[in-house]
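Printed here is coords.cif (mmCIF, N, CA and C atoms):
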data_start
loop_
_atom_site.group_PDB
_atom_site.id
_atom_site.type_symbol
_atom_site.label_atom_id
_atom_site.label_comp_id
_atom_site.auth_asym_id
_atom_site.auth_seq_id
_atom_site.Cartn_x
_atom_site.Cartn_y
_atom_site.Cartn_z
ATOM 1 N N MET A 1 -4.729 102.012 71.397
ATOM 2 C CA MET A 1 -3.519 102.195 70.651
ATOM 3 C C MET A 1 -2.318 102.425 71.571
ATOM 4 N N SER A 2 -2.501 103.150 72.644
ATOM 5 C CA SER A 2 -1.383 103.449 73.533
ATOM 6 C C SER A 2 -0.893 102.192 74.261
ATOM 7 N N SER A 3 -1.778 101.225 74.520
ATOM 8 C CA SER A 3 -1.335 99.993 75.181
ATOM 9 C C SER A 3 -0.453 99.166 74.243
ATOM 10 N N ARG A 4 -0.726 99.229 72.934
ATOM 11 C CA ARG A 4 0.131 98.533 71.975
ATOM 12 C C ARG A 4 1.518 99.158 71.942
ATOM 13 N N LYS A 5 1.578 100.485 71.969
ATOM 14 C CA LYS A 5 2.868 101.177 71.969
ATOM 15 C C LYS A 5 3.655 100.849 73.238
ATOM 16 N N ALA A 6 2.949 100.806 74.364
ATOM 17 C CA ALA A 6 3.611 100.486 75.626
ATOM 18 C C ALA A 6 4.156 99.062 75.607
ATOM 19 N N LEU A 7 3.402 98.137 75.049
ATOM 20 C CA LEU A 7 3.831 96.751 74.948
ATOM 21 C C LEU A 7 5.034 96.620 74.015
ATOM 22 N N LEU A 8 5.007 97.309 72.890
ATOM 23 C CA LEU A 8 6.120 97.299 71.945
ATOM 24 C C LEU A 8 7.368 97.902 72.582
ATOM 25 N N PHE A 9 7.196 99.005 73.290
ATOM 26 C CA PHE A 9 8.307 99.659 73.971
ATOM 27 C C PHE A 9 8.919 98.726 75.026
ATOM 28 N N ALA A 10 8.101 98.036 75.788
ATOM 29 C CA ALA A 10 8.585 97.102 76.809
ATOM 30 C C ALA A 10 9.338 95.932 76.173
ATOM 31 N N ALA A 11 8.847 95.454 75.030
ATOM 32 C CA ALA A 11 9.521 94.343 74.333
ATOM 33 C C ALA A 11 10.882 94.774 73.818
ATOM 34 N N ILE A 12 10.978 95.990 73.276
ATOM 35 C CA ILE A 12 12.261 96.494 72.775
ATOM 36 C C ILE A 12 13.243 96.673 73.926
ATOM 37 N N LEU A 13 12.784 97.235 75.036
ATOM 38 C CA LEU A 13 13.664 97.408 76.191
ATOM 39 C C LEU A 13 14.139 96.065 76.732
ATOM 40 N N GLY A 14 13.267 95.091 76.785
ATOM 41 C CA GLY A 14 13.639 93.767 77.278
ATOM 42 C C GLY A 14 14.689 93.113 76.402
ATOM 43 N N ALA A 15 14.550 93.229 75.085
ATOM 44 C CA ALA A 15 15.515 92.645 74.164
ATOM 45 C C ALA A 15 16.860 93.351 74.259
ATOM 46 N N ALA A 16 16.845 94.652 74.398
ATOM 47 C CA ALA A 16 18.086 95.413 74.479
ATOM 48 C C ALA A 16 18.835 95.128 75.771
ATOM 49 N N SER A 17 18.111 94.942 76.867
ATOM 50 C CA SER A 17 18.784 94.721 78.142
ATOM 51 C C SER A 17 19.324 93.302 78.276
ATOM 52 N N SER A 18 18.844 92.358 77.452
ATOM 53 C CA SER A 18 19.316 90.978 77.558
ATOM 54 C C SER A 18 20.570 90.715 76.736
ATOM 55 N N GLU A 19 21.091 91.722 76.015
ATOM 56 C CA GLU A 19 22.270 91.527 75.182
ATOM 57 C C GLU A 19 23.496 91.150 75.997
ATOM 58 N N GLY A 20 23.652 91.619 77.197
ATOM 59 C CA GLY A 20 24.830 91.340 77.991
ATOM 60 C C GLY A 20 24.736 90.059 78.801
ATOM 61 N N LEU A 21 23.645 89.336 78.698
ATOM 62 C CA LEU A 21 23.461 88.114 79.479
ATOM 63 C C LEU A 21 24.244 86.957 78.876
ATOM 64 N N VAL A 22 24.663 86.036 79.726
ATOM 65 C CA VAL A 22 25.391 84.853 79.300
ATOM 66 C C VAL A 22 24.466 83.658 79.405
ATOM 67 N N ASP A 23 24.477 82.813 78.400
ATOM 68 C CA ASP A 23 23.653 81.610 78.395
ATOM 69 C C ASP A 23 24.283 80.579 79.328
ATOM 70 N N PRO A 24 23.637 80.251 80.453
ATOM 71 C CA PRO A 24 24.240 79.312 81.399
ATOM 72 C C PRO A 24 24.295 77.883 80.869
ATOM 73 N N THR A 25 23.572 77.578 79.805
ATOM 74 C CA THR A 25 23.599 76.232 79.242
ATOM 75 C C THR A 25 24.655 76.063 78.151
ATOM 76 N N ALA A 26 25.300 77.163 77.751
ATOM 77 C CA ALA A 26 26.331 77.090 76.714
ATOM 78 C C ALA A 26 27.600 76.475 77.288
ATOM 79 N N PRO A 27 28.326 75.680 76.487
ATOM 80 C CA PRO A 27 29.572 75.086 76.983
ATOM 81 C C PRO A 27 30.608 76.180 77.240
ATOM 82 N N PRO A 28 31.521 75.948 78.181
ATOM 83 C CA PRO A 28 32.537 76.961 78.470
ATOM 84 C C PRO A 28 33.489 77.134 77.289
ATOM 85 N N VAL A 29 33.994 78.349 77.135
ATOM 86 C CA VAL A 29 34.951 78.642 76.073
ATOM 87 C C VAL A 29 36.344 78.350 76.611
ATOM 88 N N PRO A 30 37.116 77.487 75.941
ATOM 89 C CA PRO A 30 38.449 77.161 76.451
ATOM 90 C C PRO A 30 39.356 78.382 76.494
ATOM 91 N N ILE A 31 40.142 78.488 77.543
ATOM 92 C CA ILE A 31 41.080 79.600 77.690
ATOM 93 C C ILE A 31 42.153 79.528 76.621
ATOM 94 N N VAL A 32 42.559 78.325 76.254
ATOM 95 C CA VAL A 32 43.604 78.148 75.255
ATOM 96 C C VAL A 32 43.187 78.740 73.924
ATOM 97 N N ALA A 33 41.927 78.630 73.582
ATOM 98 C CA ALA A 33 41.444 79.186 72.325
ATOM 99 C C ALA A 33 41.638 80.695 72.296
ATOM 100 N N HIS A 34 41.415 81.371 73.443
ATOM 101 C CA HIS A 34 41.618 82.811 73.499
ATOM 102 C C HIS A 34 43.092 83.155 73.383
ATOM 103 N N ALA A 35 43.940 82.355 74.012
ATOM 104 C CA ALA A 35 45.365 82.653 73.996
ATOM 105 C C ALA A 35 45.946 82.535 72.598
ATOM 106 N N GLN A 36 45.401 81.652 71.785
ATOM 107 C CA GLN A 36 45.935 81.429 70.461
ATOM 108 C C GLN A 36 45.027 81.996 69.373
ATOM 109 N N ALA A 37 44.098 82.850 69.735
ATOM 110 C CA ALA A 37 43.079 83.296 68.797
ATOM 111 C C ALA A 37 43.655 83.885 67.515
ATOM 112 N N GLY A 38 44.642 84.771 67.586
ATOM 113 C CA GLY A 38 45.145 85.421 66.388
ATOM 114 C C GLY A 38 46.466 84.890 65.913
ATOM 115 N N GLY A 39 47.069 83.980 66.638
ATOM 116 C CA GLY A 39 48.398 83.515 66.291
ATOM 117 C C GLY A 39 48.412 82.110 65.730
ATOM 118 N N PRO A 40 49.602 81.544 65.649
ATOM 119 C CA PRO A 40 49.731 80.185 65.134
ATOM 120 C C PRO A 40 49.043 79.181 66.051
ATOM 121 N N LYS A 41 48.587 78.077 65.459
ATOM 122 C CA LYS A 41 47.871 77.048 66.213
ATOM 123 C C LYS A 41 48.685 75.757 66.213
ATOM 124 N N LEU A 42 48.945 75.235 67.392
ATOM 125 C CA LEU A 42 49.629 73.958 67.531
ATOM 126 C C LEU A 42 48.617 72.851 67.319
ATOM 127 N N GLN A 43 48.858 71.998 66.332
ATOM 128 C CA GLN A 43 47.906 70.947 65.994
ATOM 129 C C GLN A 43 48.337 69.581 66.486
ATOM 130 N N GLY A 44 49.626 69.400 66.752
ATOM 131 C CA GLY A 44 50.076 68.103 67.240
ATOM 132 C C GLY A 44 51.573 68.079 67.443
ATOM 133 N N ILE A 45 52.015 67.079 68.210
ATOM 134 C CA ILE A 45 53.441 66.844 68.429
ATOM 135 C C ILE A 45 53.685 65.363 68.192
ATOM 136 N N LEU A 46 54.663 65.070 67.341
ATOM 137 C CA LEU A 46 55.013 63.698 67.009
ATOM 138 C C LEU A 46 56.413 63.398 67.532
ATOM 139 N N HIS A 47 56.630 62.183 67.957
ATOM 140 C CA HIS A 47 57.951 61.750 68.411
ATOM 141 C C HIS A 47 58.444 60.733 67.387
ATOM 142 N N LEU A 48 59.244 61.200 66.433
ATOM 143 C CA LEU A 48 59.698 60.374 65.313
ATOM 144 C C LEU A 48 61.211 60.199 65.338
ATOM 145 N N ALA A 49 61.655 58.960 65.365
ATOM 146 C CA ALA A 49 63.088 58.633 65.275
ATOM 147 C C ALA A 49 63.928 59.459 66.251
ATOM 148 N N GLY A 50 63.466 59.557 67.479
ATOM 149 C CA GLY A 50 64.224 60.279 68.497
ATOM 150 C C GLY A 50 64.120 61.790 68.424
ATOM 151 N N ARG A 51 63.305 62.306 67.519
ATOM 152 C CA ARG A 51 63.124 63.764 67.397
ATOM 153 C C ARG A 51 61.682 64.116 67.667
ATOM 154 N N ASP A 52 61.480 65.274 68.293
ATOM 155 C CA ASP A 52 60.134 65.792 68.516
ATOM 156 C C ASP A 52 59.802 66.739 67.369
ATOM 157 N N VAL A 53 58.707 66.434 66.676
ATOM 158 C CA VAL A 53 58.269 67.219 65.527
ATOM 159 C C VAL A 53 56.905 67.813 65.862
ATOM 160 N N ALA A 54 56.780 69.126 65.710
ATOM 161 C CA ALA A 54 55.505 69.793 65.969
ATOM 162 C C ALA A 54 54.806 70.091 64.646
ATOM 163 N N VAL A 55 53.489 70.097 64.690
ATOM 164 C CA VAL A 55 52.694 70.494 63.527
ATOM 165 C C VAL A 55 51.978 71.784 63.918
ATOM 166 N N ILE A 56 52.389 72.879 63.268
ATOM 167 C CA ILE A 56 51.814 74.192 63.537
ATOM 168 C C ILE A 56 51.175 74.683 62.245
ATOM 169 N N ASP A 57 49.892 74.949 62.295
ATOM 170 C CA ASP A 57 49.139 75.404 61.116
ATOM 171 C C ASP A 57 49.415 74.528 59.896
ATOM 172 N N GLY A 58 49.505 73.212 60.108
ATOM 173 C CA GLY A 58 49.695 72.271 59.006
ATOM 174 C C GLY A 58 51.121 72.088 58.540
ATOM 175 N N THR A 59 52.082 72.762 59.170
ATOM 176 C CA THR A 59 53.487 72.677 58.786
ATOM 177 C C THR A 59 54.281 71.948 59.864
ATOM 178 N N ARG A 60 55.088 70.960 59.455
ATOM 179 C CA ARG A 60 55.945 70.244 60.412
ATOM 180 C C ARG A 60 57.203 71.059 60.684
ATOM 181 N N VAL A 61 57.521 71.244 61.966
ATOM 182 C CA VAL A 61 58.710 71.995 62.362
ATOM 183 C C VAL A 61 59.414 71.271 63.499
ATOM 184 N N VAL A 62 60.726 71.507 63.612
ATOM 185 C CA VAL A 62 61.528 70.995 64.728
ATOM 186 C C VAL A 62 62.264 72.182 65.339
ATOM 187 N N ALA A 63 62.881 71.964 66.488
ATOM 188 C CA ALA A 63 63.639 73.032 67.147
ATOM 189 C C ALA A 63 64.697 73.570 66.191
ATOM 190 N N GLY A 64 64.766 74.902 66.097
ATOM 191 C CA GLY A 64 65.705 75.562 65.205
ATOM 192 C C GLY A 64 65.086 76.039 63.908
ATOM 193 N N ASP A 65 63.941 75.483 63.532
ATOM 194 C CA ASP A 65 63.253 75.905 62.301
ATOM 195 C C ASP A 65 62.621 77.279 62.469
ATOM 196 N N SER A 66 62.349 77.920 61.347
ATOM 197 C CA SER A 66 61.598 79.178 61.339
ATOM 198 C C SER A 66 60.188 78.885 60.876
ATOM 199 N N PHE A 67 59.243 79.627 61.456
ATOM 200 C CA PHE A 67 57.841 79.511 61.081
ATOM 201 C C PHE A 67 57.278 80.917 61.032
ATOM 202 N N GLY A 68 57.122 81.458 59.834
ATOM 203 C CA GLY A 68 56.680 82.843 59.698
ATOM 204 C C GLY A 68 57.709 83.759 60.359
ATOM 205 N N ILE A 69 57.255 84.616 61.261
ATOM 206 C CA ILE A 69 58.177 85.515 61.968
ATOM 207 C C ILE A 69 58.800 84.828 63.183
ATOM 208 N N TRP A 70 58.364 83.628 63.507
ATOM 209 C CA TRP A 70 58.790 82.929 64.709
ATOM 210 C C TRP A 70 59.923 81.955 64.436
ATOM 211 N N ARG A 71 60.769 81.751 65.454
ATOM 212 C CA ARG A 71 61.794 80.711 65.440
ATOM 213 C C ARG A 71 61.390 79.687 66.484
ATOM 214 N N VAL A 72 61.444 78.410 66.129
ATOM 215 C CA VAL A 72 61.074 77.338 67.054
ATOM 216 C C VAL A 72 62.245 77.128 68.006
ATOM 217 N N VAL A 73 62.030 77.453 69.287
ATOM 218 C CA VAL A 73 63.083 77.332 70.302
ATOM 219 C C VAL A 73 63.145 75.906 70.825
ATOM 220 N N ALA A 74 61.982 75.323 71.146
ATOM 221 C CA ALA A 74 61.957 73.978 71.717
ATOM 222 C C ALA A 74 60.620 73.318 71.420
ATOM 223 N N VAL A 75 60.679 71.989 71.253
ATOM 224 C CA VAL A 75 59.473 71.179 71.101
ATOM 225 C C VAL A 75 59.474 70.190 72.252
ATOM 226 N N GLY A 76 58.457 70.273 73.100
ATOM 227 C CA GLY A 76 58.354 69.384 74.254
ATOM 228 C C GLY A 76 57.266 68.345 74.047
ATOM 229 N N ALA A 77 56.940 67.638 75.115
ATOM 230 C CA ALA A 77 55.935 66.571 75.049
ATOM 231 C C ALA A 77 54.545 67.110 74.752
ATOM 232 N N ASP A 78 54.219 68.324 75.256
ATOM 233 C CA ASP A 78 52.875 68.870 75.045
ATOM 234 C C ASP A 78 52.881 70.362 74.738
ATOM 235 N N ALA A 79 54.060 70.921 74.409
ATOM 236 C CA ALA A 79 54.131 72.359 74.145
ATOM 237 C C ALA A 79 55.289 72.670 73.197
ATOM 238 N N VAL A 80 55.176 73.815 72.531
ATOM 239 C CA VAL A 80 56.227 74.312 71.647
ATOM 240 C C VAL A 80 56.523 75.744 72.063
ATOM 241 N N LYS A 81 57.801 76.079 72.183
ATOM 242 C CA LYS A 81 58.208 77.444 72.525
ATOM 243 C C LYS A 81 58.722 78.124 71.268
ATOM 244 N N LEU A 82 58.205 79.334 71.015
ATOM 245 C CA LEU A 82 58.587 80.134 69.858
ATOM 246 C C LEU A 82 59.183 81.454 70.332
ATOM 247 N N ALA A 83 60.037 82.056 69.505
ATOM 248 C CA ALA A 83 60.621 83.358 69.830
ATOM 249 C C ALA A 83 60.675 84.205 68.563
ATOM 250 N N SER A 84 60.527 85.523 68.751
ATOM 251 C CA SER A 84 60.603 86.457 67.633
ATOM 252 C C SER A 84 60.886 87.854 68.157
ATOM 253 N N GLY A 85 62.020 88.409 67.810
ATOM 254 C CA GLY A 85 62.343 89.788 68.157
ATOM 255 C C GLY A 85 62.204 90.122 69.627
ATOM 256 N N GLY A 86 62.678 89.265 70.500
ATOM 257 C CA GLY A 86 62.592 89.509 71.935
ATOM 258 C C GLY A 86 61.284 89.067 72.566
ATOM 259 N N ARG A 87 60.330 88.644 71.765
ATOM 260 C CA ARG A 87 59.060 88.134 72.288
ATOM 261 C C ARG A 87 59.111 86.617 72.306
ATOM 262 N N SER A 88 58.362 86.024 73.225
ATOM 263 C CA SER A 88 58.278 84.570 73.264
ATOM 264 C C SER A 88 56.812 84.154 73.327
ATOM 265 N N LEU A 89 56.560 82.958 72.836
ATOM 266 C CA LEU A 89 55.206 82.430 72.792
ATOM 267 C C LEU A 89 55.282 80.936 73.031
ATOM 268 N N GLU A 90 54.396 80.441 73.884
ATOM 269 C CA GLU A 90 54.318 79.008 74.120
ATOM 270 C C GLU A 90 52.960 78.514 73.642
ATOM 271 N N LEU A 91 52.988 77.550 72.743
ATOM 272 C CA LEU A 91 51.766 76.926 72.252
ATOM 273 C C LEU A 91 51.610 75.593 72.957
ATOM 274 N N ARG A 92 50.428 75.332 73.522
ATOM 275 C CA ARG A 92 50.192 74.098 74.270
ATOM 276 C C ARG A 92 49.105 73.275 73.599
ATOM 277 N N LEU A 93 49.254 71.950 73.693
ATOM 278 C CA LEU A 93 48.225 71.057 73.176
ATOM 279 C C LEU A 93 46.997 71.077 74.067
ATOM 280 N N ALA A 94 47.208 71.109 75.371
ATOM 281 C CA ALA A 94 46.101 71.097 76.334
ATOM 282 C C ALA A 94 46.565 71.839 77.574
ATOM 283 N N PRO A 95 45.641 72.375 78.338
ATOM 284 C CA PRO A 95 46.048 73.048 79.570
ATOM 285 C C PRO A 95 46.751 72.077 80.497
ATOM 286 N N SER A 96 47.782 72.559 81.166
ATOM 287 C CA SER A 96 48.505 71.679 82.079
ATOM 288 C C SER A 96 47.637 71.358 83.295
ATOM 289 N N VAL A 97 47.757 70.145 83.756
ATOM 290 C CA VAL A 97 46.995 69.687 84.903
ATOM 291 C C VAL A 97 47.987 69.144 85.924
ATOM 292 N N ARG A 98 47.888 69.616 87.128
ATOM 293 C CA ARG A 98 48.778 69.148 88.178
ATOM 294 C C ARG A 98 47.968 68.346 89.166
ATOM 295 N N ARG A 99 48.418 67.129 89.407
ATOM 296 C CA ARG A 99 47.720 66.264 90.351
ATOM 297 C C ARG A 99 48.658 65.972 91.506
ATOM 298 N N GLU A 100 48.159 66.133 92.688
ATOM 299 C CA GLU A 100 48.933 65.843 93.882
ATOM 300 C C GLU A 100 48.751 64.363 94.239
ATOM 301 N N ALA A 101 49.837 63.738 94.638
ATOM 302 C CA ALA A 101 49.751 62.349 95.085
ATOM 303 C C ALA A 101 49.077 62.305 96.448
ATOM 304 N N THR A 102 48.196 61.358 96.615
ATOM 305 C CA THR A 102 47.532 61.190 97.907
ATOM 306 C C THR A 102 47.806 59.790 98.429
ATOM 307 N N ILE A 103 47.967 59.702 99.714
ATOM 308 C CA ILE A 103 48.203 58.413 100.354
ATOM 309 C C ILE A 103 46.931 58.065 101.112
ATOM 310 N N ARG A 104 46.378 56.929 100.777
ATOM 311 C CA ARG A 104 45.141 56.501 101.425
ATOM 312 C C ARG A 104 45.453 55.432 102.458
ATOM 313 N N GLY A 105 44.808 55.521 103.565
ATOM 314 C CA GLY A 105 44.968 54.509 104.612
ATOM 315 C C GLY A 105 46.320 54.523 105.297
ATOM 316 N N GLY A 106 47.079 55.592 105.108
ATOM 317 C CA GLY A 106 48.356 55.717 105.796
ATOM 318 C C GLY A 106 49.475 54.884 105.206
ATOM 319 N N LYS A 107 49.227 54.205 104.073
ATOM 320 C CA LYS A 107 50.278 53.377 103.457
ATOM 321 C C LYS A 107 50.615 53.949 102.094
ATOM 322 N N PRO A 108 51.911 54.002 101.762
ATOM 323 C CA PRO A 108 52.302 54.529 100.441
ATOM 324 C C PRO A 108 51.943 53.589 99.316
#
Have the structure of the file written as structure tokens, please.
Amino acid sequence: MSSRKALLFAAILGAASSEGLVDPTAPPVPIVAHAQAGGPKLQGILHLAGRDVAVIDGTRVVAGDSFGIWRVVAVGADAVKLASGGRSLELRLAPSVRREATIRGGKP
């Protein structure tokens, strides 16, 4: 009987200690998702008739519009800037990627 208790105790300890482990096969969690977790979500940016129109939480907005407590300051190619009571927020479609130009073979 005592060996069963010891085995049960070891199984419980093993399960409890594995709670903090990370699954190495799980896909990475995007940083952008964390940044926008509780706030408005930028769903797209359209370029219509010379104007940039953003879609935030299903609502189309342009620079100068209000969205909830936020005022739309600017709509860019891949980001929207919002402001509210001295706070600012930038919503991005995708993380920015910077690529350096490389010259191969010594010729531009």
Go through A:Ile69, A:Leu42, A:Ile56, A:Ala74 and flag the residue nearest Gly86 (chain A), using only C-alpha atoms for the distances. A:Ile69
Step by step: start from the point (67.6, 76.6, 68.5) in the file's coordinates, keep every protein, DNA or RNA residue that has an atom no farther than 5 Å from it, count only N, CA and C atoms, and write the set as a list in words.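 Returned residue set, sorted by chain then number, is Ala63, Gly64 and Val73 of chain A.
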Work out how far CA of Arg51 (chain A) is from atom C of Lys81 (chain A), in Å to one decimal. 15.5 Å
Selection result of the PyMOL selection byres ((chain A and resi 79) around 7) on this file, as a list in words: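 On the file shown, the PyMOL selection byres ((chain A and resi 79) around 7) covers Ala74, Val75, Gly76, Ala77, Asp78, Val80, Lys81, Glu90, Leu91, Arg92, Leu93 and Ala94 of chain A.
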Could you tell me how far CA of Leu46 (chain A) sits from CA of Phe67 (chain A), in Å to one decimal place?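 Result for CA of Phe67 (chain A) versus CA of Leu46 (chain A): 17.1 Å, one decimal.
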Point-to-point distance in Å for atom N of Lys41 (chain A) and atom N of Ser88 (chain A): 14.8 Å
From A:Val61, A:Ala26, A:Ala6, A:Val55, residue lying nearest Gln43 (chain A) [only C-alpha atoms]: A:Val55
